[in-house]
>>> print(open('upload34.cif').read())   # mmCIF, C-alpha atoms
data_structure
loop_
_atom_site.label_atom_id
_atom_site.label_comp_id
_atom_site.auth_asym_id
_atom_site.auth_seq_id
_atom_site.Cartn_x
_atom_site.Cartn_y
_atom_site.Cartn_z
CA MET B 1 5.37 -4.27 -12.29
CA ARG B 2 7.69 -1.35 -12.89
CA PRO B 3 7.25 2.38 -13.19
CA LYS B 4 7.27 3.52 -16.80
CA SER B 5 10.71 5.08 -17.04
CA ALA B 6 9.79 8.30 -18.77
CA THR B 7 6.82 9.23 -16.65
CA GLY B 8 6.97 7.34 -13.37
CA VAL B 9 3.47 6.09 -14.10
CA PRO B 10 3.11 2.58 -12.68
CA GLU B 11 1.86 -0.03 -15.08
CA LEU B 12 0.88 -3.65 -14.75
CA GLU B 13 1.04 -5.86 -17.85
CA GLY B 14 1.30 -2.73 -19.97
CA ARG B 15 -1.86 -1.27 -18.49
CA ARG B 16 -2.07 1.92 -16.53
CA LEU B 17 -4.18 1.29 -13.43
CA THR B 18 -4.92 4.84 -12.35
CA ARG B 19 -6.07 8.03 -14.01
CA ASP B 20 -3.65 10.35 -15.73
CA ASP B 21 -5.04 13.64 -14.40
CA ASN B 22 -4.41 13.52 -10.67
CA TRP B 23 -0.62 13.60 -10.34
CA PHE B 24 1.16 16.15 -8.17
CA GLU B 25 1.64 18.44 -11.18
CA ASP B 26 -2.11 18.46 -11.92
CA PHE B 27 -3.20 20.17 -8.70
CA GLU B 28 -3.29 23.93 -8.65
CA VAL B 29 -3.70 25.87 -5.41
CA GLY B 30 -7.22 27.27 -5.32
CA ASP B 31 -8.77 24.52 -7.44
CA VAL B 32 -12.10 23.23 -6.11
CA ILE B 33 -12.52 19.63 -7.14
CA VAL B 34 -16.15 18.52 -7.00
CA SER B 35 -16.34 14.75 -6.85
CA PRO B 36 -18.94 13.33 -9.21
CA ARG B 37 -20.64 10.69 -7.06
CA GLY B 38 -23.03 10.77 -4.13
CA ARG B 39 -23.25 7.95 -1.62
CA THR B 40 -26.29 7.11 0.50
CA VAL B 41 -25.44 5.85 3.97
CA SER B 42 -27.52 2.80 4.76
CA GLU B 43 -28.75 1.80 8.16
CA ALA B 44 -27.12 -1.62 8.07
CA GLU B 45 -23.65 -0.48 7.01
CA HIS B 46 -23.25 2.28 9.55
CA MET B 47 -24.35 -0.07 12.34
CA ALA B 48 -21.99 -2.73 10.99
CA TRP B 49 -18.90 -0.52 10.74
CA THR B 50 -19.53 1.00 14.16
CA ASN B 51 -19.41 -2.51 15.57
CA ILE B 52 -16.56 -3.80 13.38
CA VAL B 53 -14.31 -1.06 14.73
CA MET B 54 -15.66 -1.81 18.22
CA ASN B 55 -17.08 1.64 18.86
CA THR B 56 -19.23 1.04 21.95
CA ALA B 57 -21.09 4.38 22.06
CA GLN B 58 -24.76 3.40 22.18
CA LEU B 59 -26.05 6.53 20.47
CA HIS B 60 -24.99 4.84 17.22
CA PHE B 61 -26.72 1.50 17.78
CA ASN B 62 -29.36 1.58 20.55
CA GLN B 63 -32.60 2.90 19.06
CA ALA B 64 -34.62 2.22 22.23
CA MET B 65 -32.29 4.54 24.16
CA CYS B 66 -32.78 7.31 21.59
CA ASP B 67 -36.57 6.79 21.65
CA GLU B 68 -36.55 7.07 25.41
CA SER B 69 -34.50 10.30 25.52
CA PRO B 70 -35.14 12.21 22.28
CA LYS B 71 -34.02 15.50 23.84
CA THR B 72 -30.62 14.03 24.57
CA TYR B 73 -30.13 12.15 21.31
CA PHE B 74 -30.85 14.09 18.09
CA ALA B 75 -34.66 14.03 18.35
CA GLY B 76 -34.64 10.27 18.82
CA ARG B 77 -32.45 9.47 15.82
CA ARG B 78 -29.27 7.44 15.94
CA VAL B 79 -26.41 9.52 14.58
CA VAL B 80 -23.90 7.90 12.21
CA TYR B 81 -20.48 7.49 13.84
CA GLY B 82 -18.24 10.29 12.55
CA GLY B 83 -15.26 8.09 11.73
CA ILE B 84 -17.40 6.35 9.13
CA VAL B 85 -18.60 9.68 7.74
CA LEU B 86 -14.97 10.76 7.33
CA ALA B 87 -14.05 7.48 5.61
CA LEU B 88 -17.01 7.69 3.21
CA VAL B 89 -16.33 11.33 2.30
CA ALA B 90 -12.62 10.63 1.80
CA GLY B 91 -13.63 7.68 -0.36
CA LEU B 92 -15.91 9.82 -2.51
CA ALA B 93 -13.06 12.29 -3.03
CA SER B 94 -10.41 9.65 -3.63
CA GLU B 95 -10.58 9.09 -7.37
CA ASP B 96 -10.07 12.81 -7.93
CA THR B 97 -7.50 13.51 -5.24
CA THR B 98 -5.69 10.52 -3.74
CA GLU B 99 -5.85 7.82 -6.41
CA ASN B 100 -2.15 8.33 -7.12
CA ALA B 101 -1.17 8.98 -3.52
CA LEU B 102 1.71 7.14 -1.90
CA GLU B 103 0.79 8.05 1.67
CA GLU B 104 -1.84 9.87 3.66
CA LEU B 105 0.22 12.06 5.95
CA SER B 106 -2.17 13.93 8.19
CA TYR B 107 -5.61 15.35 8.94
CA ASP B 108 -6.20 18.52 10.96
CA ASN B 109 -8.86 21.09 11.92
CA GLY B 110 -11.57 18.50 11.37
CA ARG B 111 -15.09 19.32 12.42
CA HIS B 112 -18.27 17.29 12.26
CA ALA B 113 -20.34 20.34 11.47
CA TYR B 114 -23.76 18.65 11.23
CA PRO B 115 -24.99 15.17 12.13
CA VAL B 116 -25.45 12.44 9.52
CA PHE B 117 -28.29 9.92 9.77
CA ALA B 118 -29.05 6.70 7.91
CA GLY B 119 -30.68 7.56 4.60
CA ASP B 120 -28.62 10.72 4.08
CA THR B 121 -26.55 10.96 0.91
CA LEU B 122 -22.99 12.23 1.14
CA PHE B 123 -21.02 14.25 -1.42
CA ALA B 124 -17.40 15.43 -1.41
CA GLU B 125 -15.52 18.54 -2.51
CA SER B 126 -11.81 19.20 -2.14
CA THR B 127 -10.11 22.58 -2.30
CA VAL B 128 -6.39 22.55 -3.02
CA THR B 129 -4.97 24.73 -0.25
CA GLY B 130 -1.25 24.15 -0.76
CA LYS B 131 1.52 22.18 -2.45
CA ARG B 132 5.12 21.57 -1.52
CA ASP B 133 8.15 19.51 -2.45
CA CYS B 134 9.39 16.82 -0.14
CA ASP B 135 12.60 14.85 0.25
CA ARG B 136 11.72 12.30 -2.41
CA PRO B 137 11.97 13.07 -6.13
CA ASP B 138 8.97 11.04 -7.26
CA ALA B 139 6.28 12.74 -5.16
CA GLY B 140 5.15 15.94 -3.46
CA VAL B 141 2.76 16.97 -0.72
CA VAL B 142 -0.68 18.26 -1.70
CA CYS B 143 -2.88 19.95 0.94
CA PHE B 144 -6.65 19.78 0.61
CA ARG B 145 -9.59 21.16 2.51
CA LEU B 146 -12.04 18.27 2.25
CA VAL B 147 -15.73 19.08 2.70
CA GLY B 148 -18.48 16.48 3.00
CA LYS B 149 -22.01 17.64 2.27
CA ASN B 150 -25.41 16.04 2.68
CA GLN B 151 -28.16 16.03 0.03
CA ASP B 152 -29.36 19.46 1.20
CA GLY B 153 -25.93 20.96 0.56
CA LYS B 154 -25.21 21.34 4.27
CA ALA B 155 -21.57 20.77 5.20
CA VAL B 156 -21.47 17.78 7.56
CA LEU B 157 -17.70 17.46 7.72
CA GLU B 158 -14.80 19.82 7.05
CA ILE B 159 -11.21 18.78 7.45
CA ASP B 160 -7.70 19.67 6.23
CA ARG B 161 -5.55 16.85 4.92
CA GLU B 162 -2.06 16.42 3.54
CA VAL B 163 -1.30 13.69 1.07
CA LEU B 164 1.91 12.53 -0.57
CA VAL B 165 1.04 12.35 -4.28
CA ARG B 166 3.15 10.82 -7.02
CA ARG B 167 4.63 13.13 -9.65
CA ARG B 168 4.09 12.51 -13.32
CA PHE B 169 7.71 13.45 -13.96
CA PRO B 170 10.14 12.69 -11.13
CA LYS B 171 12.22 15.72 -10.16
CA THR B 172 15.78 15.55 -11.36
CA MET N 1 -25.89 -12.07 49.25
CA ALA N 2 -26.31 -12.42 45.50
CA LYS N 3 -27.75 -9.30 43.91
CA ARG N 4 -28.70 -7.80 40.59
CA LYS N 5 -25.73 -5.86 39.20
CA LEU N 6 -25.00 -3.60 36.25
CA ARG N 7 -21.46 -2.42 35.51
CA ARG N 8 -21.89 1.04 33.99
CA THR N 9 -19.52 1.75 31.08
CA GLY N 10 -18.21 5.13 29.93
CA ARG N 11 -16.87 8.14 31.73
CA TYR N 12 -18.89 11.24 32.58
CA PHE N 13 -17.45 14.77 32.39
CA GLU N 14 -16.67 14.92 36.13
CA GLU N 15 -14.68 11.69 35.89
CA PHE N 16 -12.06 12.99 33.45
CA GLU N 17 -8.87 14.18 35.06
CA VAL N 18 -6.70 16.63 33.11
CA GLY N 19 -3.24 15.12 32.66
CA ALA N 20 -4.41 11.55 33.24
CA THR N 21 -3.56 8.86 30.69
CA TYR N 22 -6.01 6.02 30.10
CA HIS N 23 -4.66 2.81 28.63
CA HIS N 24 -7.51 1.46 26.58
CA HIS N 25 -8.82 -2.06 26.73
CA TRP N 26 -8.64 -5.04 24.39
CA GLY N 27 -6.09 -4.26 21.66
CA ARG N 28 -6.99 -5.27 18.15
CA THR N 29 -5.24 -7.31 15.43
CA LEU N 30 -6.03 -6.05 11.95
CA ALA N 31 -7.08 -8.80 9.55
CA GLU N 32 -6.44 -8.64 5.84
CA GLY N 33 -10.09 -9.19 4.94
CA GLU N 34 -11.37 -6.22 6.87
CA CYS N 35 -8.69 -3.98 5.34
CA ARG N 36 -9.75 -4.94 1.83
CA LEU N 37 -13.42 -4.67 2.72
CA PHE N 38 -13.04 -1.25 4.36
CA THR N 39 -11.20 0.26 1.42
CA THR N 40 -13.66 -1.02 -1.20
CA TRP N 41 -16.71 -0.40 1.00
CA THR N 42 -15.74 3.26 1.36
CA MET N 43 -15.00 3.43 -2.39
CA ASN N 44 -11.36 4.36 -1.92
CA ALA N 45 -9.89 4.42 -5.44
CA ASN N 46 -6.21 4.15 -4.54
CA PRO N 47 -4.99 0.69 -5.71
CA LEU N 48 -2.32 0.82 -3.00
CA TYR N 49 -4.98 -0.53 -0.64
CA PHE N 50 -6.51 -3.26 -2.83
CA ASN N 51 -4.00 -4.30 -5.51
CA GLU N 52 -0.98 -6.13 -4.09
CA ALA N 53 1.05 -6.05 -7.30
CA TYR N 54 0.56 -2.29 -7.44
CA ALA N 55 1.40 -1.87 -3.75
CA ARG N 56 4.75 -3.62 -4.25
CA SER N 57 5.96 -0.98 -6.70
CA PRO N 58 6.20 1.79 -4.08
CA GLY N 59 8.07 -0.67 -1.87
CA HIS N 60 5.39 -2.33 0.26
CA SER N 61 5.49 -6.09 0.74
CA ARG N 62 1.68 -6.11 0.59
CA CYS N 63 -1.23 -3.68 0.75
CA PRO N 64 -0.90 -1.50 3.84
CA VAL N 65 -3.83 -0.99 6.21
CA PRO N 66 -6.01 1.89 4.96
CA PRO N 67 -5.14 4.86 7.21
CA LEU N 68 -8.73 5.67 8.07
CA LEU N 69 -9.39 2.06 9.09
CA LEU N 70 -6.36 2.33 11.35
CA MET N 71 -7.79 5.52 12.81
CA ASN N 72 -11.24 4.00 13.25
CA VAL N 73 -9.89 0.92 15.02
CA VAL N 74 -7.77 3.00 17.41
CA PHE N 75 -10.74 5.31 17.95
CA GLY N 76 -12.99 2.31 18.65
CA LEU N 77 -10.65 1.02 21.34
CA SER N 78 -10.80 4.42 23.05
CA VAL N 79 -14.57 4.81 23.18
CA GLU N 80 -15.34 3.04 26.45
CA ASP N 81 -12.85 5.30 28.24
CA LEU N 82 -13.56 8.52 26.39
CA SER N 83 -16.84 8.82 24.60
CA GLU N 84 -19.32 6.16 25.56
CA GLN N 85 -21.20 8.82 27.55
CA ALA N 86 -20.69 11.43 24.84
CA LEU N 87 -23.43 13.44 23.20
CA ALA N 88 -21.29 14.21 20.17
CA HIS N 89 -17.81 13.84 18.76
CA LEU N 90 -16.83 17.33 17.65
CA GLY N 91 -13.74 16.91 15.52
CA TYR N 92 -10.12 15.91 14.99
CA TRP N 93 -6.85 17.81 15.17
CA ASN N 94 -3.19 16.97 14.45
CA MET N 95 -3.90 13.49 13.14
CA ARG N 96 -0.63 12.00 11.90
CA PHE N 97 0.03 8.65 10.32
CA LEU N 98 3.64 7.98 11.25
CA ARG N 99 4.41 4.69 9.53
CA PRO N 100 2.60 2.11 7.45
CA VAL N 101 0.79 -0.71 9.24
CA TYR N 102 0.20 -4.12 7.66
CA PRO N 103 -2.46 -6.75 8.21
CA GLY N 104 -1.51 -9.08 11.04
CA GLN N 105 -0.18 -6.32 13.25
CA THR N 106 -1.85 -5.69 16.59
CA LEU N 107 -2.83 -2.22 17.73
CA LEU N 108 -2.97 -0.85 21.25
CA ALA N 109 -4.26 2.58 22.18
CA GLU N 110 -4.00 5.11 24.97
CA SER N 111 -5.25 8.65 25.51
CA THR N 112 -4.21 11.60 27.63
CA VAL N 113 -6.67 14.25 28.79
CA LEU N 114 -5.32 17.61 27.62
CA ASP N 115 -8.12 19.84 28.85
CA LYS N 116 -11.76 19.95 29.89
CA ARG N 117 -14.25 22.73 30.30
CA PRO N 118 -17.98 23.06 30.96
CA SER N 119 -20.17 23.90 27.98
CA GLU N 120 -20.96 27.62 27.79
CA SER N 121 -24.47 27.12 26.42
CA LYS N 122 -25.76 24.02 28.21
CA ASP N 123 -25.16 23.09 31.83
CA ASP N 124 -25.67 19.34 31.41
CA ARG N 125 -22.45 18.78 29.42
CA GLY N 126 -18.80 19.66 29.01
CA ILE N 127 -16.06 19.47 26.39
CA VAL N 128 -13.13 17.12 26.88
CA HIS N 129 -9.98 17.48 24.78
CA VAL N 130 -7.82 14.36 24.47
CA ARG N 131 -4.79 13.13 22.61
CA THR N 132 -4.92 9.51 21.48
CA THR N 133 -1.92 7.40 20.47
CA GLY N 134 -2.10 4.15 18.53
CA ARG N 135 0.88 1.80 18.65
CA THR N 136 1.77 -1.67 17.52
CA GLU N 137 2.43 -4.55 19.91
CA ASP N 138 6.14 -3.65 19.63
CA GLY N 139 5.42 -0.21 21.04
CA GLU N 140 6.00 1.66 17.79
CA VAL N 141 3.73 4.69 17.51
CA VAL N 142 1.79 4.55 14.23
CA LEU N 143 -0.88 7.19 14.78
CA THR N 144 -1.58 10.19 16.99
CA TYR N 145 -4.53 12.56 16.95
CA GLU N 146 -6.47 14.88 19.18
CA ARG N 147 -10.21 15.06 19.43
CA LYS N 148 -12.80 17.05 21.34
CA ILE N 149 -15.81 15.31 22.78
CA LEU N 150 -19.06 16.68 24.15
CA VAL N 151 -19.65 14.58 27.28
CA LYS N 152 -22.58 14.34 29.70
CA ARG N 153 -22.16 15.63 33.23
CA ARG N 154 -22.91 12.92 35.72
CA SER N 155 -24.72 15.43 37.91
CA ALA N 156 -27.22 16.17 35.14
CA TYR N 157 -27.70 12.52 34.23
CA ALA N 158 -27.55 11.12 37.77
CA ARG N 159 -30.73 9.11 37.39
CA GLU N 160 -29.57 7.15 34.35
CA ALA N 161 -26.10 6.78 35.84
CA GLU N 162 -27.53 5.08 38.93
CA GLU N 163 -30.22 3.01 37.27
CA LEU N 164 -30.00 -0.75 37.29
CA ARG N 165 -31.09 -1.12 33.68
CA PRO N 166 -29.47 -0.43 30.32
CA PRO N 167 -30.85 2.68 28.62
CA GLY N 168 -33.82 1.88 26.44
CA LEU N 169 -34.98 -1.20 28.35
CA LYS N 170 -38.42 -0.59 29.80
CA ALA N 171 -38.69 -0.93 33.56
CA THR N 172 -39.84 -4.41 34.52
CA PRO N 173 -43.30 -4.34 36.15
CA GLU N 174 -43.39 -4.80 39.93
CA GLY N 175 -43.14 -8.43 40.92
CA ALA N 176 -42.19 -9.66 37.44
CA ARG N 177 -38.73 -11.02 36.72
#
>>> encode(input="upload34.cif", output="structure tokens")
Amino acid sequence: MRPKSATGVPELEGRRLTRDDNWFEDFEVGDVIVSPRGRTVSEAEHMAWTNIVMNTAQLHFNQAMCDESPKTYFAGRRVVYGGIVLALVAGLASEDTTENALEELSYDNGRHAYPVFAGDTLFAESTVTGKRDCDRPDAGVVCFRLVGKNQDGKAVLEIDREVLVRRRFPKT
Amino acid sequence: MAKRKLRRTGRYFEEFEVGATYHHHWGRTLAEGECRLFTTWTMNANPLYFNEAYARSPGHSRCPVPPLLLMNVVFGLSVEDLSEQALAHLGYWNMRFLRPVYPGQTLLAESTVLDKRPSESKDDRGIVHVRTTGRTEDGEVVLTYERKILVKRRSAYAREAEELRPPGLKATPEGAR
């Protein structure tokens, strides 16, 4: 595989593998990019990923404990581990924002604003908050405010992120 | 004399010491399968994480570990020390991915307590502010982030903290085993 010389767009067997509308040049500060898919969080997967990453906090996987102390634990419901919420929301936003990214650089000012429970459906919106050049000619840094919402439109997650995104035309 | 024992896991608010560093248990080697599964499971559209031929063009030898899997694994290692007695995980600050990590590498994690303060609205909990570092087995730092955690006060949850049963298990009737 080689980058197409004129555009820097990577191809494999003559095929372009990613979309042609999410290069560095395509993002304009102030744009609000509403990602088109929702994603329901299932009971089994949030339990599974909590355990795969060895998160041992029982409020994610011990229902009997939550039943016993509903005042302590979200009215007796097991809350979805936030790291999985972040990964799912970032995933929902990815085809519009980071499909042509070379690196995820940072996250900051992240807040789990409202709890997520199994059965909730997540949605993602990204606001372009900044853009800047970097030391490589083929990419630049795009800053997003990523917001995850539930089916009621309530923000469950808000976080700033910086991503190194490929340019359509490498800087000369 | 032999006795019935329960080793309580997780730190309560009172047990955090500002300035202390906790070296987390276990360590964790990242397997290729879980990297691929995580990236597709979370619908991440960047082929960098699931197409090896594509990943080679920006100079990787293979698909790197998805950054948020890296974060989740480091986070997971930290939970028994930091947030197993938490009521909520509030958020993340200054999370930086410093270099790519590849399947087969082993992660270790540690956290330093930056600050703690009692909750202003509820007297049974407090907020603990920590900085967590993830490094490879060679000691190279690959990830740092801060998070704030809402943690139970031991004084308010003394009964559960002293009980000889895991939370949720009904008390065994007198005389039964």
>>> atom_distance(input="upload34.cif", atom1="CA of Gly139 (chain N)", atom2="CA of Leu98 (chain N)")
12.9 Å
>>> closest_residue(input="upload34.cif", among="B:Ala118, B:Ala48, B:Asp21, B:Ala90", to="Arg78 (chain B)", atoms="all atoms listed in the file")
B:Ala118
>>> resolve_selection(input="upload34.cif", expression="the PyMOL selection byres ((chain N) within 6 of (chain B))", output="list in words")
Thr42, Met43, Asn44, Ala45, Asn46, Asn72, Val73, Gly76, Val79, Glu84, Leu90, Gly91, Tyr92, Trp93, Asn94, Met95, Arg96, Phe97, Pro167 and Gly168 of chain N
>>> closest_residue(input="upload34.cif", among="N:Arg11, N:Arg36, N:His24, N:Lys170", to="Leu108 (chain N)", atoms="all atoms listed in the file")
N:His24
>>> atom_distance(input="upload34.cif", atom1="CA of Glu32 (chain N)", atom2="CA of Arg19 (chain B)")
25.9 Å
>>> residues_around(input="upload34.cif", residues="Leu6 (chain N)", least_positions_apart="6", cutoff="9 Å", atoms="only C-alpha atoms", output="CSV table (one decimal) with C-alpha atoms, in the coordinates of the input")
chain,number,residue,atom,x,y,z
N,163,GLU,CA,-30.2,3.0,37.3
N,164,LEU,CA,-30.0,-0.8,37.3
N,165,ARG,CA,-31.1,-1.1,33.7
N,166,PRO,CA,-29.5,-0.4,30.3
>>> closest_residue(input="upload34.cif", among="B:Phe61, B:Phe144, B:Phe169, B:Trp23", to="Thr127 (chain B)", atoms="all atoms listed in the file")
B:Phe144
>>> atom_distance(input="upload34.cif", atom1="CA of Arg37 (chain B)", atom2="CA of Phe123 (chain B)")
6.7 Å
>>> residues_around(input="upload34.cif", residues="region 13-20 of chain N", least_positions_apart="3", cutoff="10 Å", atoms="all atoms listed in the file", output="compact mmCIF listing (two decimals) with C-alpha atoms, in the coordinates of the input")
# COMPACT_ATOMS: atom_id res chain seq x y z
CA GLY N 10 -18.21 5.13 29.93
CA HIS N 23 -4.66 2.81 28.63
CA ASP N 81 -12.85 5.30 28.24
CA LEU N 82 -13.56 8.52 26.39
CA SER N 83 -16.84 8.82 24.60
CA GLN N 85 -21.20 8.82 27.55
CA ALA N 86 -20.69 11.43 24.84
CA SER N 111 -5.25 8.65 25.51
CA THR N 112 -4.21 11.60 27.63
CA VAL N 113 -6.67 14.25 28.79
CA LEU N 114 -5.32 17.61 27.62
CA ASP N 115 -8.12 19.84 28.85
CA LYS N 116 -11.76 19.95 29.89
CA ARG N 117 -14.25 22.73 30.30
CA PRO N 118 -17.98 23.06 30.96
CA ASP N 124 -25.67 19.34 31.41
CA ARG N 125 -22.45 18.78 29.42
CA GLY N 126 -18.80 19.66 29.01
CA ILE N 127 -16.06 19.47 26.39
CA VAL N 128 -13.13 17.12 26.88
CA HIS N 129 -9.98 17.48 24.78
CA VAL N 130 -7.82 14.36 24.47
CA ILE N 149 -15.81 15.31 22.78
CA LEU N 150 -19.06 16.68 24.15
CA VAL N 151 -19.65 14.58 27.28
CA LYS N 152 -22.58 14.34 29.70
CA ARG N 153 -22.16 15.63 33.23
CA ARG N 154 -22.91 12.92 35.72
CA SER N 155 -24.72 15.43 37.91
>>> residues_around(input="upload34.cif", residues="Asp152 (chain B)", least_positions_apart="6", cutoff="10 Å", atoms="all atoms listed in the file", output="number ranges by chain")
B: 120-122
>>> axis_aligned_box(input="upload34.cif", around="region 102-118 of chain B", padding_each_side="4 Å", output="JSON")
{"center_x": -13.7, "center_y": 13.9, "center_z": 5.3, "size_x": 38.8, "size_y": 22.4, "size_z": 22.3}
>>> resolve_selection(input="upload34.cif", expression="the PyMOL selection byres ((chain N and resi 100) around 8)", output="PDB file with C-alpha atoms, in the coordinates of the input")
ATOM      1  CA  PRO N  64      -0.900  -1.500   3.840  1.00  0.00           C
ATOM      2  CA  VAL N  65      -3.830  -0.990   6.210  1.00  0.00           C
ATOM      3  CA  PHE N  97       0.030   8.650  10.320  1.00  0.00           C
ATOM      4  CA  LEU N  98       3.640   7.980  11.250  1.00  0.00           C
ATOM      5  CA  ARG N  99       4.410   4.690   9.530  1.00  0.00           C
ATOM      6  CA  VAL N 101       0.790  -0.710   9.240  1.00  0.00           C
ATOM      7  CA  TYR N 102       0.200  -4.120   7.660  1.00  0.00           C
ATOM      8  CA  VAL N 142       1.790   4.550  14.230  1.00  0.00           C
TER       9      VAL N 142
END
>>> residues_around(input="upload34.cif", residues="region 27-35 of chain B", least_positions_apart="2", cutoff="6 Å", atoms="only C-alpha atoms", output="PyMOL selection string")
chain B and resi 24-25+37+93+124-130
>>> write_last_selection(input="upload34.cif", atoms="C-alpha atoms", output="compact mmCIF listing (two decimals), in the coordinates of the input")
# COMPACT_ATOMS: atom_id res chain seq x y z
CA PHE B 24 1.16 16.15 -8.17
CA GLU B 25 1.64 18.44 -11.18
CA ARG B 37 -20.64 10.69 -7.06
CA ALA B 93 -13.06 12.29 -3.03
CA ALA B 124 -17.40 15.43 -1.41
CA GLU B 125 -15.52 18.54 -2.51
CA SER B 126 -11.81 19.20 -2.14
CA THR B 127 -10.11 22.58 -2.30
CA VAL B 128 -6.39 22.55 -3.02
CA THR B 129 -4.97 24.73 -0.25
CA GLY B 130 -1.25 24.15 -0.76
>>> decode(input="upload34.cif", residues="region 13-33 of chain N", atoms="N, CA and C atoms", output="PDB file, in the first residue's frame")
ATOM      1  N   PHE N  13     -12.559   6.763  51.706  1.00  0.00           N
ATOM      2  CA  PHE N  13     -12.061   8.140  51.652  1.00  0.00           C
ATOM      3  C   PHE N  13     -10.958   8.407  52.679  1.00  0.00           C
ATOM      4  N   GLU N  14     -11.198   7.970  53.919  1.00  0.00           N
ATOM      5  CA  GLU N  14     -10.234   8.241  55.002  1.00  0.00           C
ATOM      6  C   GLU N  14      -8.878   7.597  54.730  1.00  0.00           C
ATOM      7  N   GLU N  15      -8.871   6.545  53.920  1.00  0.00           N
ATOM      8  CA  GLU N  15      -7.649   5.763  53.726  1.00  0.00           C
ATOM      9  C   GLU N  15      -6.760   6.287  52.594  1.00  0.00           C
ATOM     10  N   PHE N  16      -7.198   7.330  51.918  1.00  0.00           N
ATOM     11  CA  PHE N  16      -6.346   7.955  50.896  1.00  0.00           C
ATOM     12  C   PHE N  16      -5.434   8.977  51.561  1.00  0.00           C
ATOM     13  N   GLU N  17      -4.177   8.969  51.152  1.00  0.00           N
ATOM     14  CA  GLU N  17      -3.236   9.916  51.729  1.00  0.00           C
ATOM     15  C   GLU N  17      -2.720  10.810  50.603  1.00  0.00           C
ATOM     16  N   VAL N  18      -2.933  12.112  50.730  1.00  0.00           N
ATOM     17  CA  VAL N  18      -2.488  13.036  49.680  1.00  0.00           C
ATOM     18  C   VAL N  18      -0.974  12.942  49.537  1.00  0.00           C
ATOM     19  N   GLY N  19      -0.510  12.783  48.319  1.00  0.00           N
ATOM     20  CA  GLY N  19       0.926  12.650  48.057  1.00  0.00           C
ATOM     21  C   GLY N  19       1.383  11.207  47.929  1.00  0.00           C
ATOM     22  N   ALA N  20       0.571  10.283  48.428  1.00  0.00           N
ATOM     23  CA  ALA N  20       0.970   8.863  48.368  1.00  0.00           C
ATOM     24  C   ALA N  20       0.861   8.351  46.940  1.00  0.00           C
ATOM     25  N   THR N  21       1.743   7.405  46.585  1.00  0.00           N
ATOM     26  CA  THR N  21       1.662   6.730  45.286  1.00  0.00           C
ATOM     27  C   THR N  21       1.357   5.254  45.532  1.00  0.00           C
ATOM     28  N   TYR N  22       0.343   4.761  44.846  1.00  0.00           N
ATOM     29  CA  TYR N  22      -0.027   3.352  44.960  1.00  0.00           C
ATOM     30  C   TYR N  22       0.388   2.639  43.684  1.00  0.00           C
ATOM     31  N   HIS N  23       1.192   1.608  43.839  1.00  0.00           N
ATOM     32  CA  HIS N  23       1.593   0.794  42.686  1.00  0.00           C
ATOM     33  C   HIS N  23       0.580  -0.314  42.541  1.00  0.00           C
ATOM     34  N   HIS N  24      -0.144  -0.298  41.434  1.00  0.00           N
ATOM     35  CA  HIS N  24      -1.302  -1.184  41.307  1.00  0.00           C
ATOM     36  C   HIS N  24      -0.890  -2.627  41.029  1.00  0.00           C
ATOM     37  N   HIS N  25      -1.813  -3.499  41.343  1.00  0.00           N
ATOM     38  CA  HIS N  25      -1.534  -4.935  41.255  1.00  0.00           C
ATOM     39  C   HIS N  25      -1.577  -5.467  39.812  1.00  0.00           C
ATOM     40  N   TRP N  26      -1.110  -6.682  39.675  1.00  0.00           N
ATOM     41  CA  TRP N  26      -1.325  -7.543  38.515  1.00  0.00           C
ATOM     42  C   TRP N  26      -0.494  -7.239  37.274  1.00  0.00           C
ATOM     43  N   GLY N  27      -0.603  -6.045  36.697  1.00  0.00           N
ATOM     44  CA  GLY N  27      -0.031  -5.848  35.350  1.00  0.00           C
ATOM     45  C   GLY N  27      -0.887  -6.594  34.352  1.00  0.00           C
ATOM     46  N   ARG N  28      -0.731  -6.244  33.078  1.00  0.00           N
ATOM     47  CA  ARG N  28      -1.673  -6.823  32.110  1.00  0.00           C
ATOM     48  C   ARG N  28      -1.043  -6.792  30.730  1.00  0.00           C
ATOM     49  N   THR N  29      -0.850  -7.974  30.111  1.00  0.00           N
ATOM     50  CA  THR N  29      -0.378  -8.047  28.728  1.00  0.00           C
ATOM     51  C   THR N  29      -1.571  -7.884  27.798  1.00  0.00           C
ATOM     52  N   LEU N  30      -1.404  -7.050  26.797  1.00  0.00           N
ATOM     53  CA  LEU N  30      -2.499  -6.834  25.840  1.00  0.00           C
ATOM     54  C   LEU N  30      -2.393  -7.852  24.715  1.00  0.00           C
ATOM     55  N   ALA N  31      -3.472  -8.578  24.484  1.00  0.00           N
ATOM     56  CA  ALA N  31      -3.491  -9.584  23.422  1.00  0.00           C
ATOM     57  C   ALA N  31      -4.069  -8.964  22.159  1.00  0.00           C
ATOM     58  N   GLU N  32      -3.622  -9.487  21.034  1.00  0.00           N
ATOM     59  CA  GLU N  32      -4.081  -8.973  19.751  1.00  0.00           C
ATOM     60  C   GLU N  32      -5.603  -9.103  19.586  1.00  0.00           C
ATOM     61  N   GLY N  33      -6.127 -10.246  20.005  1.00  0.00           N
ATOM     62  CA  GLY N  33      -7.564 -10.508  19.813  1.00  0.00           C
ATOM     63  C   GLY N  33      -8.430  -9.485  20.510  1.00  0.00           C
TER      64      GLY N  33
END
